[in-house]
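Trainee: Next comes target-v3.cif, mmCIF, C-alpha atoms and all ligand atoms:
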data_model
loop_
_atom_site.label_atom_id
_atom_site.label_comp_id
_atom_site.auth_asym_id
_atom_site.auth_seq_id
_atom_site.Cartn_x
_atom_site.Cartn_y
_atom_site.Cartn_z
CA MET F 1 4.96 0.04 15.49
CA LYS F 2 2.07 2.47 15.69
CA SER F 3 -1.30 1.11 16.68
CA LEU F 4 -4.19 2.28 14.52
CA PRO F 5 -7.89 1.72 15.02
CA PRO F 6 -9.15 -0.80 12.47
CA PRO F 7 -10.45 1.14 9.47
CA CYS F 8 -14.22 0.97 9.28
CA VAL F 9 -14.93 2.96 6.09
CA TYR F 10 -16.50 -0.13 4.56
CA ASP F 11 -18.99 -0.60 7.40
CA PRO F 12 -21.91 1.27 5.79
CA PHE F 13 -21.06 -0.33 2.43
CA ALA F 14 -20.88 -3.95 3.66
CA TYR F 15 -24.44 -4.96 2.85
CA VAL F 16 -24.26 -3.90 -0.80
CA TYR F 17 -20.64 -5.06 -1.19
CA ASN F 18 -21.73 -8.53 -0.11
CA VAL F 19 -24.47 -8.56 -2.76
CA HIS F 20 -22.78 -6.87 -5.73
CA TRP F 21 -18.99 -7.20 -5.34
CA GLY F 22 -18.28 -10.05 -2.91
CA PRO F 23 -19.36 -12.83 -5.32
CA THR F 24 -17.18 -11.38 -8.10
CA SER F 25 -14.12 -11.72 -5.85
CA LEU F 26 -14.26 -15.42 -6.80
CA ASN F 27 -12.80 -14.30 -10.18
CA TRP F 28 -9.48 -14.04 -8.36
CA LEU F 29 -9.57 -17.81 -7.79
CA ARG F 30 -8.51 -18.21 -11.43
CA ILE F 31 -5.39 -16.13 -10.81
CA VAL F 32 -4.70 -17.82 -7.48
CA GLY F 33 -5.13 -21.15 -9.28
CA LEU F 34 -2.64 -20.13 -11.95
CA LEU F 35 0.04 -18.50 -9.82
CA VAL F 36 -0.19 -19.92 -6.31
CA ILE F 37 -2.03 -23.25 -6.02
CA PRO F 38 0.45 -25.26 -8.14
CA ARG F 39 3.28 -24.15 -5.85
CA VAL F 40 1.76 -24.94 -2.44
CA ASP F 41 0.74 -27.87 -0.32
CA ALA F 42 -2.93 -28.98 -0.31
CA THR F 43 -3.29 -28.03 3.37
CA ALA F 44 -1.31 -24.78 3.24
CA ARG F 45 -2.05 -22.08 5.80
CA VAL F 46 -3.49 -19.09 4.00
CA LEU F 47 -4.02 -15.55 5.24
CA ASP F 48 -6.64 -13.63 3.27
CA LEU F 49 -5.61 -10.08 4.11
CA CYS F 50 -8.46 -7.55 3.73
CA CYS F 51 -10.79 -10.51 3.23
CA GLY F 52 -13.89 -8.34 2.98
CA THR F 53 -17.11 -10.37 2.95
CA GLY F 54 -15.14 -13.61 2.83
CA GLN F 55 -16.24 -15.31 -0.40
CA LEU F 56 -12.68 -16.08 -1.53
CA ALA F 57 -11.61 -17.20 1.95
CA GLY F 58 -14.67 -19.46 2.18
CA GLU F 59 -13.96 -21.09 -1.17
CA LEU F 60 -10.33 -21.79 -0.26
CA SER F 61 -11.35 -23.19 3.10
CA GLU F 62 -13.83 -25.55 1.40
CA ARG F 63 -10.97 -26.78 -0.76
CA GLY F 64 -9.02 -27.84 2.32
CA TYR F 65 -6.69 -24.89 2.93
CA ARG F 66 -6.42 -23.65 6.52
CA VAL F 67 -7.58 -20.07 6.14
CA VAL F 68 -7.49 -17.00 8.36
CA GLY F 69 -9.29 -13.85 7.19
CA LEU F 70 -8.33 -10.39 8.40
CA ASP F 71 -10.21 -7.18 7.72
CA GLY F 72 -10.62 -3.77 9.33
CA SER F 73 -14.36 -3.55 8.93
CA ARG F 74 -16.56 -5.18 11.54
CA GLN F 75 -19.53 -5.15 9.16
CA MET F 76 -17.60 -6.78 6.30
CA LEU F 77 -16.56 -9.49 8.75
CA HIS F 78 -20.20 -9.94 9.78
CA TYR F 79 -20.92 -11.19 6.24
CA ALA F 80 -17.62 -13.09 6.07
CA ARG F 81 -18.77 -15.10 9.09
CA LYS F 82 -21.72 -16.34 7.01
CA ASN F 83 -19.83 -16.79 3.74
CA ALA F 84 -16.77 -18.46 5.23
CA PRO F 85 -17.88 -20.62 8.18
CA GLY F 86 -14.62 -22.60 8.33
CA VAL F 87 -12.42 -19.51 8.43
CA HIS F 88 -10.95 -17.90 11.52
CA LEU F 89 -11.70 -14.17 11.20
CA LEU F 90 -9.86 -11.26 12.79
CA GLN F 91 -10.61 -7.56 12.88
CA ALA F 92 -7.34 -5.68 12.54
CA ASP F 93 -5.57 -3.01 10.52
CA ALA F 94 -3.46 -4.32 7.66
CA ARG F 95 -0.90 -1.58 8.42
CA CYS F 96 -0.14 -2.79 11.91
CA PHE F 97 -1.15 -6.38 12.54
CA GLY F 98 0.99 -8.97 14.25
CA LEU F 99 0.53 -12.67 13.59
CA ARG F 100 2.95 -15.54 14.20
CA SER F 101 5.10 -16.37 11.20
CA ALA F 102 2.87 -19.23 10.25
CA PHE F 103 1.49 -18.58 6.81
CA ASP F 104 2.49 -20.39 3.63
CA VAL F 105 0.40 -18.03 1.55
CA VAL F 106 -0.84 -14.47 1.99
CA LEU F 107 -3.42 -13.19 -0.49
CA CYS F 108 -4.70 -9.64 -0.77
CA THR F 109 -7.15 -9.14 -3.63
CA PHE F 110 -9.48 -6.73 -5.37
CA ASP F 111 -7.84 -3.31 -4.96
CA SER F 112 -7.52 -3.74 -1.20
CA LEU F 113 -4.02 -2.26 -1.05
CA ASN F 114 -5.04 0.74 -3.17
CA HIS F 115 -6.96 1.77 -0.04
CA ILE F 116 -3.61 2.30 1.67
CA LEU F 117 -3.07 5.91 0.74
CA SER F 118 0.65 6.46 1.31
CA VAL F 119 3.73 4.55 0.19
CA ASP F 120 5.07 4.52 3.75
CA GLU F 121 1.92 2.83 5.00
CA LEU F 122 2.02 0.39 2.10
CA GLU F 123 5.50 -0.54 3.30
CA ASP F 124 4.09 -1.02 6.82
CA VAL F 125 1.63 -3.53 5.35
CA PHE F 126 4.45 -5.35 3.54
CA ARG F 127 6.48 -5.56 6.77
CA CYS F 128 3.53 -7.03 8.70
CA VAL F 129 2.92 -9.54 5.91
CA ARG F 130 6.59 -10.50 5.77
CA ALA F 131 6.65 -11.09 9.54
CA SER F 132 3.61 -13.38 9.30
CA MET F 133 5.10 -15.68 6.65
CA ARG F 134 7.02 -18.92 6.68
CA PRO F 135 10.24 -19.43 4.73
CA GLY F 136 9.33 -20.35 1.16
CA GLY F 137 5.91 -18.67 1.51
CA LEU F 138 4.10 -16.79 -1.27
CA PHE F 139 2.46 -13.38 -1.07
CA LEU F 140 0.11 -12.47 -3.94
CA PHE F 141 -1.64 -9.13 -4.17
CA ASP F 142 -3.13 -6.95 -6.86
CA LEU F 143 -3.28 -3.22 -7.42
CA ASN F 144 -5.26 -1.07 -9.78
CA THR F 145 -2.98 0.54 -12.35
CA GLU F 146 -3.29 4.03 -13.78
CA THR F 147 -4.62 2.41 -16.99
CA GLY F 148 -7.22 0.60 -14.92
CA TYR F 149 -8.35 3.79 -13.19
CA ARG F 150 -8.60 5.60 -16.51
CA MET F 151 -10.56 2.75 -18.10
CA HIS F 152 -12.95 1.93 -15.31
CA TRP F 153 -13.17 4.79 -12.81
CA SER F 154 -15.64 7.12 -14.45
CA GLY F 155 -19.37 7.51 -14.74
CA ARG F 156 -22.42 6.60 -12.75
CA ARG F 157 -24.04 3.27 -12.11
CA GLU F 158 -27.50 2.60 -10.71
CA VAL F 159 -28.95 -0.72 -9.69
CA THR F 160 -32.20 -1.50 -7.95
CA THR F 161 -33.02 -4.73 -6.16
CA GLU F 162 -35.94 -5.83 -3.98
CA ASP F 163 -34.62 -4.08 -0.91
CA HIS F 164 -32.27 -1.31 -2.03
CA THR F 165 -31.20 1.08 -4.74
CA LEU F 166 -27.50 1.69 -5.18
CA VAL F 167 -26.20 4.71 -7.05
CA SER F 168 -22.43 4.89 -7.42
CA ARG F 169 -20.06 7.35 -9.06
CA ALA F 170 -16.36 6.78 -9.60
CA SER F 171 -13.68 9.22 -10.71
CA PHE F 172 -9.89 9.33 -10.98
CA ASP F 173 -7.92 12.50 -10.31
CA ARG F 174 -4.75 12.03 -12.37
CA LYS F 175 -2.94 14.94 -10.77
CA ARG F 176 -3.44 13.59 -7.25
CA GLN F 177 -3.37 9.95 -8.43
CA LEU F 178 -6.49 9.43 -6.38
CA GLY F 179 -9.56 7.36 -7.16
CA VAL F 180 -12.78 8.45 -5.48
CA PHE F 181 -15.79 6.17 -5.26
CA ARG F 182 -19.06 7.58 -3.91
CA ALA F 183 -22.18 5.56 -3.31
CA THR F 184 -25.66 6.33 -2.08
CA VAL F 185 -27.62 3.35 -0.86
CA VAL F 186 -31.34 3.70 -0.27
CA HIS F 187 -32.55 0.73 1.75
CA SER F 188 -36.22 -0.05 1.81
CA ALA F 189 -37.99 -2.30 4.27
CA GLY F 190 -41.65 -2.76 3.49
CA SER F 191 -44.18 -0.06 2.78
CA ASN F 192 -42.69 3.33 3.62
CA ALA F 193 -39.63 2.60 5.72
CA GLU F 194 -36.45 3.82 4.02
CA TRP F 195 -33.00 4.74 5.19
CA VAL F 196 -30.07 6.13 3.29
CA GLU F 197 -26.36 5.50 3.63
CA GLU F 198 -23.63 7.56 1.98
CA VAL F 199 -20.21 6.07 1.38
CA VAL F 200 -17.00 7.65 0.11
CA LEU F 201 -13.99 5.42 -0.54
CA TYR F 202 -10.56 6.63 -1.62
CA GLN F 203 -7.93 4.69 -3.51
CA ARG F 204 -4.36 5.67 -4.39
CA TYR F 205 -2.51 4.68 -7.53
CA HIS F 206 0.96 3.51 -6.46
CA SER F 207 3.54 3.37 -9.23
CA MET F 208 5.17 0.00 -9.87
CA GLU F 209 8.59 1.47 -8.97
CA GLN F 210 7.28 2.63 -5.59
CA VAL F 211 5.68 -0.73 -4.90
CA LEU F 212 8.78 -2.73 -5.82
CA ALA F 213 10.99 -0.43 -3.73
CA GLY F 214 8.65 -0.79 -0.73
CA LEU F 215 8.60 -4.56 -1.14
CA ALA F 216 12.40 -4.69 -1.25
CA ARG F 217 12.72 -2.56 1.90
CA ALA F 218 10.29 -4.90 3.65
CA GLY F 219 12.40 -7.92 2.70
CA PHE F 220 10.62 -9.11 -0.43
CA ASN F 221 13.34 -9.29 -3.06
CA ASP F 222 12.02 -12.10 -5.20
CA VAL F 223 9.01 -10.54 -6.94
CA GLU F 224 7.26 -11.61 -10.15
CA THR F 225 4.84 -9.17 -11.77
CA TYR F 226 1.87 -9.98 -13.97
CA GLY F 227 -0.50 -7.68 -15.81
CA LEU F 228 -4.18 -8.33 -16.39
CA GLU F 229 -5.13 -7.33 -19.93
CA GLY F 230 -8.76 -8.25 -20.48
CA ASP F 231 -8.79 -11.87 -19.33
CA ALA F 232 -5.14 -12.50 -20.15
CA VAL F 233 -2.56 -12.73 -17.38
CA VAL F 234 0.65 -11.39 -18.96
CA PRO F 235 3.94 -12.02 -17.15
CA GLY F 236 6.25 -9.07 -16.62
CA CYS F 237 4.73 -6.29 -18.65
CA LEU F 238 2.50 -3.85 -16.79
CA ASP F 239 2.45 -1.08 -19.43
CA HIS F 240 -1.05 -1.76 -20.71
CA ALA F 241 -2.40 -3.73 -17.78
CA GLU F 242 -5.66 -2.74 -16.09
CA ARG F 243 -4.50 -4.43 -12.94
CA ALA F 244 -1.11 -5.50 -11.67
CA PHE F 245 -0.40 -8.68 -9.72
CA PHE F 246 2.69 -9.05 -7.56
CA LEU F 247 3.82 -12.51 -6.52
CA CYS F 248 6.50 -12.38 -3.84
CA THR F 249 8.44 -15.40 -2.60
CA VAL F 250 10.03 -15.49 0.83
CA PRO F 251 13.48 -17.11 0.63
CA ASP F 252 13.49 -20.68 1.88
CA THR F 253 16.27 -20.66 4.42
CA SER F 254 16.00 -24.44 4.97
CA ILE F 255 17.37 -25.21 1.47
C1 LIG B 301 -12.39 -3.84 -2.24
S1 LIG B 301 -12.59 -4.69 -0.72
C2 LIG B 301 -11.87 -6.26 -1.13
C3 LIG B 301 -12.37 -7.36 -0.23
C4 LIG B 301 -11.94 -8.78 -0.63
N1 LIG B 301 -10.51 -8.92 -0.66
C5 LIG B 301 -12.54 -9.21 -1.95
O1 LIG B 301 -11.79 -9.66 -2.82
O2 LIG B 301 -13.77 -9.12 -2.10
C6 LIG B 301 -11.34 -3.92 0.30
C7 LIG B 301 -11.33 -4.45 1.72
O3 LIG B 301 -10.16 -3.94 2.36
C8 LIG B 301 -10.49 -3.62 3.70
N2 LIG B 301 -9.49 -2.65 4.17
C9 LIG B 301 -9.18 -1.45 3.62
N3 LIG B 301 -8.18 -0.87 4.31
C10 LIG B 301 -7.85 -1.74 5.30
C11 LIG B 301 -6.89 -1.73 6.34
N4 LIG B 301 -6.04 -0.70 6.50
N5 LIG B 301 -6.84 -2.78 7.19
C12 LIG B 301 -7.69 -3.83 7.05
N6 LIG B 301 -8.63 -3.90 6.09
C13 LIG B 301 -8.70 -2.87 5.23
C14 LIG B 301 -11.89 -3.08 3.65
O4 LIG B 301 -12.53 -3.12 4.90
C15 LIG B 301 -12.52 -4.00 2.59
O5 LIG B 301 -13.11 -5.12 3.18
#
Render the structure in this file as structure tokens.

Mentor:
Amino acid sequence: MKSLPPPCVYDPFAYVYNVHWGPTSLNWLRIVGLLVIPRVDATARVLDLCCGTGQLAGELSERGYRVVGLDGSRQMLHYARKNAPGVHLLQADARCFGLRSAFDVVLCTFDSLNHILSVDELEDVFRCVRASMRPGGLFLFDLNTETGYRMHWSGRREVTTEDHTLVSRASFDRKRQLGVFRATVVHSAGSNAEWVEEVVLYQRYHSMEQVLAGLARAGFNDVETYGLEGDAVVPGCLDHAERAFFLCTVPDTSI
């Protein structure tokens, strides 16, 4: 397997992600609670893949799960260390990590796998996940759908806090199936001191057929799909969903 340097595109974005997006990642707890928690042991070993600033990992750890968080960005992990003190954190690339097959649950939330820009590399992620899981384990991840990109990836947003101004612009190129998110962060520290960070993040829309084929090639044959329509989690149908959830079950060879 090829060895890639851990992706660090989120490094300059980590501070504002931790303030504006990290806390909202707790919304995924509702979906995890619906689809995963009822099916696992109270002390299950959980891998939060692309854990970002660690809010979700921290919450699960507080509830008694044994959680490992993995992310490519050193700066995102810096905040995860504070937000998830009971979680073992690793800096690695989701496309080429190797962990013992110890996990009962692998979660990967909030568009993280849309950052994987080719189907082949998405399959690499699935293979690494599969190799890290126990028989009977569950792998839940979400992806932005084309509907989601069209609904939410346009326009400009500006927010000012005590110590920074964030201006972000999002767009979706339908022809290239590529989402582009640009942000300018102006940090201010006291009277005149200011510094500016520019961030560009790319996301790929992967069709459901491509994702299911990649999962099957990586050994995930038992896959349930769910669509998020507003607040509703709709089993099966992804036609109108803003976001797709994939719940994959590893066969339990002990049965
Ligand atoms: C949108 S954030 C989601 C973070 C977190 N899951 C949450 O719910 O808040 C995407 C995360 O994926 C990480 N990431 C993107 N590509 C990655 C890769 N190839 N390997 C590891 N982490 C990656 C980024 O560093 C970032 O922390």

Trainee: When the cut-off is 7 Å and you count only C-alpha atoms and all ligand atoms, which residues lie near ligand LIG 301 (chain B), shown as a VMD selection string?

Mentor: chain F and resid 6 to 10 21 to 22 25 49 to 56 70 to 73 76 92 to 95 108 to 113 115 to 116

Trainee: Here is a test: counting all atoms listed in the file, which residue of F:Ser61, F:Trp195, F:Val119, F:Ser171 is nearest to Ser207 in chain F?

Mentor: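 Nearest candidate to Ser207 in chain F out of F:Ser61, F:Trp195, F:Val119, F:Ser171: F:Val119.
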
Trainee: Neighbours of Ala216 in chain F within 12 Å (all atoms listed in the file; same-chain residues fewer than 5 positions away dropped), as a PDB file with C-alpha atoms, keeping the file's coordinate frame?

Mentor:
ATOM      1  CA  GLU F 123       5.500  -0.540   3.300  1.00  0.00           C
ATOM      2  CA  PHE F 126       4.450  -5.350   3.540  1.00  0.00           C
ATOM      3  CA  ARG F 127       6.480  -5.560   6.770  1.00  0.00           C
ATOM      4  CA  ARG F 130       6.590 -10.500   5.770  1.00  0.00           C
ATOM      5  CA  GLU F 209       8.590   1.470  -8.970  1.00  0.00           C
ATOM      6  CA  GLN F 210       7.280   2.630  -5.590  1.00  0.00           C
ATOM      7  CA  VAL F 211       5.680  -0.730  -4.900  1.00  0.00           C
ATOM      8  CA  ASN F 221      13.340  -9.290  -3.060  1.00  0.00           C
ATOM      9  CA  ASP F 222      12.020 -12.100  -5.200  1.00  0.00           C
ATOM     10  CA  VAL F 223       9.010 -10.540  -6.940  1.00  0.00           C
ATOM     11  CA  CYS F 248       6.500 -12.380  -3.840  1.00  0.00           C
ATOM     12  CA  THR F 249       8.440 -15.400  -2.600  1.00  0.00           C
ATOM     13  CA  VAL F 250      10.030 -15.490   0.830  1.00  0.00           C
TER      14      VAL F 250
END

Trainee: One number please: CA of Leu138 in chain F to CA of Val40 in chain F, in Å, one decimal.

Mentor: 8.6 Å

Trainee: Can you pull out every residue within 8 Å of Ser101 in chain F, counting all atoms listed in the file, but drop anything in the same chain fewer than 6 positions away, and send it as a list in words?

Mentor: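 Returned residues: Ala131, Ser132, Met133 and Arg134 of chain F.
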
Trainee: Please identify all polymer residues within 12 Å of Leu34 in chain F, counting all atoms listed in the file, omitting same-chain residues fewer than 6 positions from it, and present them as an mmCIF file with C-alpha atoms, keeping the file's coordinate frame.

Mentor:
data_model
loop_
_atom_site.group_PDB
_atom_site.id
_atom_site.type_symbol
_atom_site.label_atom_id
_atom_site.label_comp_id
_atom_site.auth_asym_id
_atom_site.auth_seq_id
_atom_site.Cartn_x
_atom_site.Cartn_y
_atom_site.Cartn_z
ATOM 1 C CA ASN F 27 -12.800 -14.300 -10.180
ATOM 2 C CA TRP F 28 -9.480 -14.040 -8.360
ATOM 3 C CA VAL F 40 1.760 -24.940 -2.440
ATOM 4 C CA LEU F 140 0.110 -12.470 -3.940
ATOM 5 C CA TYR F 226 1.870 -9.980 -13.970
ATOM 6 C CA ALA F 232 -5.140 -12.500 -20.150
ATOM 7 C CA VAL F 233 -2.560 -12.730 -17.380
ATOM 8 C CA VAL F 234 0.650 -11.390 -18.960
ATOM 9 C CA PRO F 235 3.940 -12.020 -17.150
ATOM 10 C CA PHE F 245 -0.400 -8.680 -9.720
ATOM 11 C CA LEU F 247 3.820 -12.510 -6.520
#

Trainee: Calculated over all atoms listed in the file, which of the candidates F:Val46, F:Cys96, F:Val185, F:Phe172 has the smallest distance to Thr160 in chain F?

Mentor: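 Of the candidates, the smallest distance to Thr160 in chain F is held by F:Val185.
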
Trainee: Give the answer as one residue: which of F:Gln177, F:Asn114, F:Gln91, F:Thr165 has the shortest atom-to-atom distance to Glu194 in chain F, using all atoms listed in the file?

Mentor: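 Among the listed residues, the smallest separation from Glu194 in chain F belongs to F:Thr165.
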
Trainee: Restricting the calculation to all atoms listed in the file: of F:Glu198, F:Asp41, F:Asp239, F:Asp48, which residue gets closest to Ala80 in chain F?

Mentor: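 Of F:Glu198, F:Asp41, F:Asp239, F:Asp48, the one nearest Ala80 in chain F, counting all atoms listed in the file, is F:Asp48.
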
Trainee: Hey, which of F:Val87, F:Leu143, F:Met208, F:Leu122 ends up closest to Glu242 in chain F? Count only C-alpha atoms.

Mentor: F:Leu143

Trainee: As an exercise, work out the distance from CA of Val16 in chain F to CA of Phe181 in chain F in Å and give it to one decimal place.

Mentor: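 Computing the Euclidean distance for CA of Val16 in chain F and CA of Phe181 in chain F yields 13.9 Å.
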
Trainee: What's around Thr161 in chain F at 10 Å? Count all atoms listed in the file, leave out sequence neighbours fewer than 4 positions away in its own chain, and write the answer as a PyMOL selection string.

Mentor: chain F and resi 19+165-166+187-188

Trainee: So what do you get for CA of Pro251 in chain F versus CA of Glu121 in chain F, distance-wise?

Mentor: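 Distance reported for this atom pair: 23.5 Å.
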
Trainee: Identify the residues within 10 Å of coordinate (-9.7, -6.3, -21.5) (same frame as the file), considering only C-alpha atoms, and give the answer as a list of chain:residue names.

Mentor: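 Every polymer residue passing the test: F:Gly148, F:Met151, F:Leu228, F:Glu229, F:Gly230, F:Asp231, F:Ala232, F:His240, F:Ala241, F:Glu242.
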
Trainee: Determine the nearest neighbour of Ala57 in chain F from the options F:Arg204, F:Arg176, F:Arg81, F:Arg157, counting all atoms listed in the file.

Mentor: F:Arg81

Trainee: Is it possible to dump range 163-177 of chain F as an mmCIF file, in the first residue's frame, including just N, CA and C atoms?

Mentor:
data_model
loop_
_atom_site.group_PDB
_atom_site.id
_atom_site.type_symbol
_atom_site.label_atom_id
_atom_site.label_comp_id
_atom_site.auth_asym_id
_atom_site.auth_seq_id
_atom_site.Cartn_x
_atom_site.Cartn_y
_atom_site.Cartn_z
ATOM 1 N N ASP F 163 -12.441 37.696 18.177
ATOM 2 C CA ASP F 163 -11.045 37.619 17.742
ATOM 3 C C ASP F 163 -10.842 37.227 16.278
ATOM 4 N N HIS F 164 -11.901 37.131 15.503
ATOM 5 C CA HIS F 164 -11.690 36.884 14.073
ATOM 6 C C HIS F 164 -12.931 37.211 13.247
ATOM 7 N N THR F 165 -12.670 37.427 11.956
ATOM 8 C CA THR F 165 -13.761 37.523 10.986
ATOM 9 C C THR F 165 -13.544 36.413 9.974
ATOM 10 N N LEU F 166 -14.618 35.687 9.708
ATOM 11 C CA LEU F 166 -14.537 34.571 8.755
ATOM 12 C C LEU F 166 -15.455 34.889 7.576
ATOM 13 N N VAL F 167 -14.865 34.871 6.382
ATOM 14 C CA VAL F 167 -15.677 35.046 5.177
ATOM 15 C C VAL F 167 -15.517 33.766 4.364
ATOM 16 N N SER F 168 -16.626 33.097 4.079
ATOM 17 C CA SER F 168 -16.518 31.851 3.313
ATOM 18 C C SER F 168 -17.421 31.884 2.089
ATOM 19 N N ARG F 169 -16.970 31.211 1.044
ATOM 20 C CA ARG F 169 -17.733 31.100 -0.200
ATOM 21 C C ARG F 169 -17.715 29.643 -0.627
ATOM 22 N N ALA F 170 -18.873 29.128 -0.978
ATOM 23 C CA ALA F 170 -18.939 27.728 -1.412
ATOM 24 C C ALA F 170 -19.570 27.666 -2.794
ATOM 25 N N SER F 171 -19.101 26.738 -3.606
ATOM 26 C CA SER F 171 -19.710 26.559 -4.928
ATOM 27 C C SER F 171 -19.628 25.081 -5.311
ATOM 28 N N PHE F 172 -20.501 24.689 -6.238
ATOM 29 C CA PHE F 172 -20.471 23.299 -6.721
ATOM 30 C C PHE F 172 -20.443 23.314 -8.243
ATOM 31 N N ASP F 173 -19.409 22.697 -8.801
ATOM 32 C CA ASP F 173 -19.247 22.613 -10.250
ATOM 33 C C ASP F 173 -19.868 21.278 -10.685
ATOM 34 N N ARG F 174 -21.059 21.346 -11.277
ATOM 35 C CA ARG F 174 -21.792 20.111 -11.607
ATOM 36 C C ARG F 174 -21.057 19.270 -12.630
ATOM 37 N N LYS F 175 -20.416 19.973 -13.592
ATOM 38 C CA LYS F 175 -19.730 19.239 -14.652
ATOM 39 C C LYS F 175 -18.584 18.395 -14.076
ATOM 40 N N ARG F 176 -17.825 19.008 -13.167
ATOM 41 C CA ARG F 176 -16.682 18.294 -12.574
ATOM 42 C C ARG F 176 -17.071 17.556 -11.293
ATOM 43 N N GLN F 177 -18.322 17.744 -10.870
ATOM 44 C CA GLN F 177 -18.815 17.115 -9.629
ATOM 45 C C GLN F 177 -17.903 17.466 -8.456
#
